[in-house]
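*Asks:* This is query-v7.txt (compact mmCIF, C-alpha atoms).
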```
# COMPACT_ATOMS: atom_id res chain seq x y z
CA MET G 182 -4.77 -24.62 70.06
CA THR G 183 -6.96 -24.22 73.10
CA SER G 184 -5.29 -23.79 76.47
CA GLU G 185 -8.05 -25.68 78.28
CA VAL G 186 -6.81 -28.95 79.75
CA PRO G 187 -9.13 -31.89 79.01
CA GLN G 188 -10.56 -33.27 82.26
CA ALA G 189 -9.39 -36.78 81.36
CA LEU G 190 -5.77 -35.52 81.23
CA SER G 191 -5.83 -32.94 84.03
CA GLY G 192 -3.95 -35.20 86.42
CA ARG G 193 -1.53 -36.71 83.91
CA LEU G 194 1.87 -35.17 84.56
CA SER G 195 3.31 -36.24 81.22
CA PHE G 196 0.53 -34.37 79.42
CA LEU G 197 0.82 -31.24 81.57
CA LEU G 198 4.63 -31.15 81.44
CA GLY G 199 4.58 -31.83 77.71
CA ARG G 200 2.18 -28.98 77.04
CA LEU G 201 4.19 -26.61 79.26
CA TYR G 202 7.41 -27.70 77.54
CA MET G 203 6.00 -26.98 74.08
CA ARG G 204 4.81 -23.53 75.18
CA ALA G 205 8.20 -22.82 76.78
CA LEU G 206 10.08 -23.78 73.61
CA ASP G 207 7.80 -21.64 71.47
CA LEU G 208 8.11 -18.56 73.71
CA GLU G 209 11.89 -18.90 74.03
CA ALA G 210 12.40 -19.54 70.31
CA ARG G 211 10.37 -16.48 69.34
CA ARG G 212 12.30 -14.24 71.74
CA LEU G 213 15.71 -15.66 70.79
CA GLU G 214 15.07 -15.04 67.09
CA ALA G 215 16.15 -11.44 67.70
CA LEU G 216 19.63 -12.74 68.61
CA GLY G 217 19.76 -15.22 65.75
CA VAL G 218 20.25 -18.21 68.09
CA THR G 219 18.14 -21.26 68.83
CA VAL G 220 17.02 -22.51 72.23
CA LYS G 221 19.72 -25.21 72.19
CA GLN G 222 22.37 -22.71 71.14
CA GLN G 223 21.37 -20.44 74.02
CA ALA G 224 21.67 -23.38 76.41
CA VAL G 225 25.25 -23.92 75.16
CA LEU G 226 26.11 -20.23 75.60
CA ALA G 227 24.69 -20.25 79.14
CA LEU G 228 26.52 -23.43 80.11
CA LEU G 229 29.86 -22.25 78.73
CA ALA G 230 29.43 -18.90 80.50
CA ASP G 231 28.74 -20.64 83.82
CA GLU G 232 31.20 -23.53 83.64
CA GLY G 233 33.90 -22.34 81.26
CA PRO G 234 35.50 -24.08 78.29
CA MET G 235 34.73 -27.77 77.82
CA THR G 236 34.91 -30.45 75.15
CA GLN G 237 31.97 -31.21 72.90
CA GLN G 238 31.66 -34.61 74.56
CA HIS G 239 31.39 -33.06 78.02
CA LEU G 240 28.95 -30.44 76.72
CA GLY G 241 26.69 -33.17 75.34
CA GLN G 242 26.81 -35.03 78.64
CA ARG G 243 25.99 -31.88 80.64
CA LEU G 244 23.04 -30.99 78.38
CA GLY G 245 21.87 -34.56 77.82
CA ILE G 246 22.04 -34.34 74.03
CA ASP G 247 23.61 -36.70 71.50
CA ARG G 248 26.91 -36.12 69.65
CA THR G 249 25.29 -35.38 66.30
CA THR G 250 23.10 -32.66 67.80
CA VAL G 251 26.06 -31.18 69.69
CA VAL G 252 28.07 -30.92 66.46
CA THR G 253 25.19 -29.22 64.63
CA VAL G 254 24.55 -26.75 67.46
CA VAL G 255 28.23 -25.92 67.96
CA ASP G 256 28.85 -25.59 64.21
CA GLY G 257 26.11 -22.94 64.07
CA LEU G 258 27.59 -21.06 67.02
CA GLU G 259 31.06 -21.24 65.49
CA GLN G 260 29.79 -19.94 62.13
CA ALA G 261 28.13 -17.05 63.99
CA ARG G 262 31.48 -16.43 65.73
CA LEU G 263 29.96 -16.91 69.17
CA VAL G 264 32.07 -19.98 70.06
CA GLU G 265 35.58 -21.09 69.11
CA ARG G 266 37.13 -24.54 69.15
CA ARG G 267 40.59 -24.35 70.73
CA ARG G 268 43.07 -27.13 71.31
CA SER G 269 43.12 -28.35 74.89
CA PRO G 270 46.47 -27.70 76.57
CA ALA G 271 45.93 -30.88 78.63
CA ASP G 272 45.11 -33.11 75.63
CA ARG G 273 46.24 -31.95 72.18
CA ARG G 274 43.77 -34.35 70.54
CA ALA G 275 40.80 -32.61 72.18
CA TYR G 276 39.23 -29.24 71.44
CA LEU G 277 37.71 -27.00 74.08
CA LEU G 278 34.67 -24.92 73.24
CA THR G 279 35.26 -21.34 74.30
CA LEU G 280 32.97 -18.31 74.17
CA THR G 281 34.11 -15.39 72.07
CA PRO G 282 33.44 -11.84 73.32
CA ASP G 283 30.39 -11.76 71.01
CA GLY G 284 29.33 -15.11 72.48
CA VAL G 285 29.54 -13.72 76.01
CA ARG G 286 27.34 -10.76 75.01
CA ALA G 287 24.85 -12.93 73.13
CA GLY G 288 24.65 -15.31 76.08
CA GLU G 289 23.92 -12.47 78.50
CA GLN G 290 21.25 -11.03 76.21
CA GLY G 291 19.81 -14.51 75.70
CA ARG G 292 19.51 -15.07 79.45
CA GLY G 293 17.37 -11.96 79.69
CA LEU G 294 15.19 -13.07 76.78
CA VAL G 295 14.74 -16.56 78.23
CA SER G 296 13.90 -15.08 81.62
CA GLY G 297 11.24 -12.94 79.97
CA ALA G 298 9.81 -15.99 78.21
CA GLU G 299 9.70 -17.90 81.49
CA GLY G 300 7.95 -14.95 83.13
CA GLU G 301 5.32 -15.00 80.41
CA LEU G 302 5.00 -18.79 80.60
CA LEU G 303 4.53 -18.82 84.36
CA GLY G 304 2.68 -15.53 84.70
CA ALA G 305 -0.15 -17.19 86.60
CA LEU G 306 2.27 -18.19 89.40
CA GLY G 307 3.72 -15.98 92.11
CA GLU G 308 7.49 -15.73 92.72
CA ASP G 309 7.42 -18.23 95.59
CA GLU G 310 5.42 -20.67 93.47
CA ARG G 311 7.90 -20.32 90.60
CA ARG G 312 10.84 -21.02 92.91
CA THR G 313 9.03 -24.04 94.36
CA LEU G 314 8.18 -25.33 90.88
CA ALA G 315 11.81 -24.93 89.74
CA GLU G 316 13.07 -26.71 92.86
CA LEU G 317 10.62 -29.60 92.49
CA LEU G 318 11.32 -30.02 88.78
CA GLY G 319 15.06 -29.90 89.41
CA ARG G 320 14.79 -32.62 92.02
CA ALA G 321 12.58 -34.74 89.77
CA VAL G 322 15.04 -34.41 86.88
CA GLN G 323 17.91 -35.45 89.15
CA GLY G 324 15.91 -38.29 90.68
CA GLN G 325 16.09 -36.94 94.24
CA GLY G 326 13.46 -37.39 96.90
CA PRO G 327 12.49 -34.84 99.57
CA GLY G 328 15.23 -35.90 102.00
CA ASP G 329 17.93 -36.19 99.34
CA ALA G 330 18.57 -32.46 98.72
CA GLY G 331 22.31 -32.84 99.30
CA ALA G 332 22.66 -36.19 97.55
CA SER G 333 24.39 -36.48 94.21
CA PRO G 334 22.24 -37.10 91.12
CA ARG G 335 21.68 -40.76 90.31
```
Show how you would write the structure in this file as structure tokens.
*Replies:*
Amino acid sequence: MTSEVPQALSGRLSFLLGRLYMRALDLEARRLEALGVTVKQQAVLALLADEGPMTQQHLGQRLGIDRTTVVTVVDGLEQARLVERRRSPADRRAYLLTLTPDGVRAGEQGRGLVSGAEGELLGALGEDERRTLAELLGRAVQGQGPGDAGASPR
């Protein structure tokens, strides 16, 4: 695949973001192979490390993925002994997803690998440009305008 952007699509954000997304997934997936986890599994490890134990339903909501995908991703992490399902003390019907010690280590290693992939992906941008891009994309994802920085996501 050529990296040249066709002139007719050079201003189409969906095309540019789509192409960048595909490159990002490819770079991350190749780097994460060394850990034996997928991009989605690494996202789960990172989220659980940052926010602590949560139900599968809450995990799916936080990541914006459907129940079936959550089950598949978590089953793989549980089989690899990176995540455990534990009964919730607040609701005995619910299970909380909890990182194991191996899951904590894999998540930390994965963060470094993903960071390296992002560095490669955005190598043409300086640090300030990368921070600006991340901020703008974050706001766009949350539906916030320039004056809404403190507003809650819609």
*Asks:* Can you report as AutoDock Vina command-line options the centre and edge lengths in Å, to one decimal, of an axis-aligned box around the listed atoms of range 245-263 of chain G padded with 3 Å on each side?
*Replies:*
```
--center_x 26.7 --center_y -26.6 --center_z 70.0 --size_x 15.6 --size_y 26.3 --size_z 21.7
```
*Asks:* For Val252 in chain G, which residue out of G:Leu278, G:Leu197, G:Ala298, G:Leu228 is the nearest one, using only C-alpha atoms?
*Replies:* G:Leu278
*Asks:* For the point (22.2, -22.1, 62.5) in file coordinates, what residues are within 12 Å, counting all atoms listed in the file? Give the answer as a VMD selection string?
*Replies:* chain G and resid 214 216 to 223 250 252 to 263
*Asks:* Kindly provide the residues of range 257-291 of chain G that approach range 202-213 of chain G to within 10 Å, each paired with its closest atom pair and their distance in Å to one decimal, based on all atoms listed in the file, listed by chain and increasing number, as JSON lines.
*Replies:*
```
{"residue": "G:Ala287", "atom": "CA", "partner": "G:Leu213", "partner_atom": "CA", "distance": 9.8}
{"residue": "G:Gln290", "atom": "CA", "partner": "G:Leu213", "partner_atom": "CA", "distance": 9.0}
{"residue": "G:Gly291", "atom": "CA", "partner": "G:Leu213", "partner_atom": "CA", "distance": 6.5}
```
*Asks:* Between CA of Ser296 in chain G and CA of Asp247 in chain G, what is the distance, to one decimal in Å?
*Replies:*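 We find that CA of Ser296 in chain G and CA of Asp247 in chain G lie 25.8 Å from each other.
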*Asks:* Residues around (14.3, -35.5, 83.1), cut-off 12 Å, counting all atoms listed in the file - what are they as number ranges by chain?
*Replies:* G: 195, 198-199, 202, 244-246, 317-325, 334-335
*Asks:* Mind pulling up the distance from CA of Val225 in chain G to CA of Gly241 in chain G?
*Replies:* 9.4 Å
*Asks:* Between G:Thr281, G:Gln188, G:Thr236, G:Gln242, which has the minimum distance to Arg268 in chain G (counting all atoms listed in the file)?
*Replies:* G:Thr236
*Asks:* Report, in Å to a single decimal, how far apart CA of Ala189 in chain G and CA of Asp309 in chain G are.
*Replies:*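 CA of Asp309 in chain G sits 28.8 Å away from CA of Ala189 in chain G.
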*Asks:* Using all atoms listed in the file for the distances, tell me which of G:Leu240, G:Leu190, G:Val285, G:Leu201 is nearest to Glu299 in chain G.
*Replies:*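 Counting all atoms listed in the file, the residue closest to Glu299 in chain G is G:Leu201.
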*Asks:* My list of candidates is G:Leu306, G:Ala215, G:Val295, G:Leu277. Which is closest to His239 in chain G when distances are computed with only C-alpha atoms?
*Replies:* G:Leu277
*Asks:* Smallest atom-to-atom distance to Ala315 in chain G: which of G:Ala275, G:Val264, G:Leu303, G:Met235, using all atoms listed in the file?
*Replies:*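 Smallest distance to Ala315 in chain G is found for G:Leu303.
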